[in-house]
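Here the structure is laid out as structure tokens; the discussion comes afterwards.
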Amino acid sequence: MYGQSPANYMDRLRIELACQILLQKEISVTTVAMDIGYKTSQHFATVFKKYMGLSPSQWRR
């Protein structure tokens with residue numbers, strides 16, 4: 001929490017929420033991206049990979 005920008009903090013919170021949704025529901029990655037506030041699934045996938053080291057689809061498997 002400390003030492004990071006507000007944008008990075010929000011991204012981290014969104015990615016944590018995305019992980020929970022991806023584990024619990026069989027909904028598309030695009031739907032997850034839109035539901036948590038990203039405008040495109042491509043941007044979501046880029047941010048997700050930055051924090052998790054895998055794409056959302058790879059992480060879900």
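Chain identifiers are assigned as A, B, and so on, following the order in which chains appear in the structure tokens; residues are numbered from 1 within each chain, and ligands are numbered from 1 in order of appearance.
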- request: Identify, on the basis of only C-alpha atoms, every residue whose closest approach to region 30-36 of chain A does not exceed 9 Å; exclude the query and any residue fewer than 3 positions from it along the same chain; express the result as a list in words.
  value: Arg14, Ile15, Leu17, Ala18, Ile21, Leu22, Ile27, Lys39, Thr40, Ser41, Gln42, His43, Phe44 and Ala45 of chain A
Taking all heavy atoms for each residue, export the selection above as a short mmCIF file (atom, residue, chain, number, x, y, z; two decimals), in the first residue's frame.
data_model
loop_
_atom_site.label_atom_id
_atom_site.label_comp_id
_atom_site.auth_asym_id
_atom_site.auth_seq_id
_atom_site.Cartn_x
_atom_site.Cartn_y
_atom_site.Cartn_z
N ARG A 14 -8.11 -4.01 -8.33
CA ARG A 14 -8.92 -4.56 -9.42
C ARG A 14 -8.45 -5.96 -9.82
O ARG A 14 -9.26 -6.85 -10.07
CB ARG A 14 -8.85 -3.66 -10.65
CG ARG A 14 -9.65 -2.40 -10.52
CD ARG A 14 -9.49 -1.58 -11.77
NE ARG A 14 -10.30 -0.39 -11.73
CZ ARG A 14 -10.18 0.60 -12.58
NH1 ARG A 14 -9.28 0.55 -13.54
NH2 ARG A 14 -10.95 1.66 -12.49
N ILE A 15 -7.14 -6.16 -9.86
CA ILE A 15 -6.61 -7.47 -10.24
C ILE A 15 -6.94 -8.51 -9.17
O ILE A 15 -7.30 -9.65 -9.49
CB ILE A 15 -5.09 -7.39 -10.51
CG1 ILE A 15 -4.81 -6.47 -11.70
CG2 ILE A 15 -4.50 -8.77 -10.72
CD1 ILE A 15 -5.55 -6.80 -12.99
N LEU A 17 -9.58 -8.49 -7.29
CA LEU A 17 -11.00 -8.78 -7.50
C LEU A 17 -11.18 -9.67 -8.73
O LEU A 17 -11.97 -10.63 -8.70
CB LEU A 17 -11.78 -7.48 -7.67
CG LEU A 17 -13.28 -7.61 -7.93
CD1 LEU A 17 -13.97 -8.39 -6.81
CD2 LEU A 17 -13.90 -6.24 -8.10
N ALA A 18 -10.46 -9.38 -9.79
CA ALA A 18 -10.54 -10.20 -11.00
C ALA A 18 -10.18 -11.64 -10.71
O ALA A 18 -10.84 -12.57 -11.21
CB ALA A 18 -9.63 -9.63 -12.09
N ILE A 21 -13.10 -13.36 -9.12
CA ILE A 21 -14.17 -13.61 -10.09
C ILE A 21 -13.78 -14.75 -11.03
O ILE A 21 -14.59 -15.63 -11.32
CB ILE A 21 -14.51 -12.34 -10.88
CG1 ILE A 21 -15.08 -11.27 -9.95
CG2 ILE A 21 -15.50 -12.64 -12.00
CD1 ILE A 21 -15.20 -9.89 -10.58
N LEU A 22 -12.54 -14.73 -11.50
CA LEU A 22 -12.10 -15.77 -12.43
C LEU A 22 -12.15 -17.16 -11.79
O LEU A 22 -12.41 -18.15 -12.46
CB LEU A 22 -10.68 -15.47 -12.93
CG LEU A 22 -10.55 -14.32 -13.91
CD1 LEU A 22 -9.09 -13.92 -14.08
CD2 LEU A 22 -11.18 -14.66 -15.26
N ILE A 27 -17.23 -16.96 -16.46
CA ILE A 27 -17.60 -15.87 -17.35
C ILE A 27 -16.38 -15.47 -18.15
O ILE A 27 -15.24 -15.75 -17.75
CB ILE A 27 -18.19 -14.66 -16.58
CG1 ILE A 27 -17.20 -14.11 -15.57
CG2 ILE A 27 -19.47 -15.05 -15.88
CD1 ILE A 27 -17.68 -12.85 -14.87
N LYS A 39 -11.72 -0.50 -19.79
CA LYS A 39 -12.46 -0.17 -21.02
C LYS A 39 -12.27 -1.21 -22.12
O LYS A 39 -13.13 -1.39 -22.95
CB LYS A 39 -12.07 1.21 -21.52
CG LYS A 39 -12.51 2.32 -20.58
CD LYS A 39 -12.22 3.68 -21.15
CE LYS A 39 -12.47 4.74 -20.12
NZ LYS A 39 -13.81 5.24 -20.11
N THR A 40 -11.10 -1.89 -22.11
CA THR A 40 -10.85 -2.94 -23.10
C THR A 40 -10.26 -4.17 -22.42
O THR A 40 -9.56 -4.06 -21.40
CB THR A 40 -9.86 -2.49 -24.19
OG1 THR A 40 -8.56 -2.30 -23.61
CG2 THR A 40 -10.33 -1.20 -24.87
N SER A 41 -10.55 -5.32 -22.98
CA SER A 41 -9.98 -6.55 -22.43
C SER A 41 -8.48 -6.62 -22.67
O SER A 41 -7.75 -7.23 -21.89
CB SER A 41 -10.67 -7.77 -23.02
OG SER A 41 -10.54 -7.80 -24.43
N GLN A 42 -8.00 -5.95 -23.72
CA GLN A 42 -6.56 -5.94 -24.00
C GLN A 42 -5.79 -5.21 -22.90
O GLN A 42 -4.75 -5.68 -22.44
CB GLN A 42 -6.25 -5.30 -25.36
CG GLN A 42 -6.74 -6.08 -26.54
CD GLN A 42 -8.23 -5.85 -26.85
OE1 GLN A 42 -8.90 -5.00 -26.26
NE2 GLN A 42 -8.76 -6.64 -27.77
N HIS A 43 -6.32 -4.06 -22.49
CA HIS A 43 -5.65 -3.32 -21.41
C HIS A 43 -5.71 -4.11 -20.11
O HIS A 43 -4.72 -4.19 -19.37
CB HIS A 43 -6.29 -1.94 -21.24
CG HIS A 43 -5.63 -1.12 -20.17
ND1 HIS A 43 -4.31 -0.73 -20.24
CD2 HIS A 43 -6.11 -0.64 -19.01
CE1 HIS A 43 -4.01 -0.05 -19.14
NE2 HIS A 43 -5.08 0.02 -18.38
N PHE A 44 -6.85 -4.71 -19.83
CA PHE A 44 -6.99 -5.56 -18.64
C PHE A 44 -5.95 -6.68 -18.66
O PHE A 44 -5.28 -6.93 -17.66
CB PHE A 44 -8.40 -6.13 -18.56
CG PHE A 44 -8.55 -7.25 -17.57
CD1 PHE A 44 -8.37 -7.03 -16.22
CD2 PHE A 44 -8.87 -8.53 -18.00
CE1 PHE A 44 -8.52 -8.06 -15.30
CE2 PHE A 44 -9.01 -9.56 -17.10
CZ PHE A 44 -8.84 -9.33 -15.74
N ALA A 45 -5.82 -7.36 -19.79
CA ALA A 45 -4.87 -8.46 -19.89
C ALA A 45 -3.44 -7.99 -19.68
O ALA A 45 -2.64 -8.68 -19.02
CB ALA A 45 -5.00 -9.15 -21.25
#
query: Trp59 (chain A): which residues within 10 Å, counting only C-alpha atoms, same-chain residues fewer than 6 positions away excluded, as a ChimeraX atom specification?
result: /A:19,22-23,48-49,52-53
task: Using DSSP on the backbone, list every residue of region 9-47 of chain A that comes out as helix (DSSP H, G or I), and give them as a count of residues only.
output: 30
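Take CA of Gln4 (chain A) and CA of Leu54 (chain A): the distance between them is 21.6 Å.
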message: Just the number, please: distance in Å from CA of Arg61 (chain A) to CA of Tyr38 (chain A), one decimal.
response: 21.7 Å
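Across the structure, CA of Val29 (chain A) and CA of Glu16 (chain A) are spaced 14.1 Å apart.
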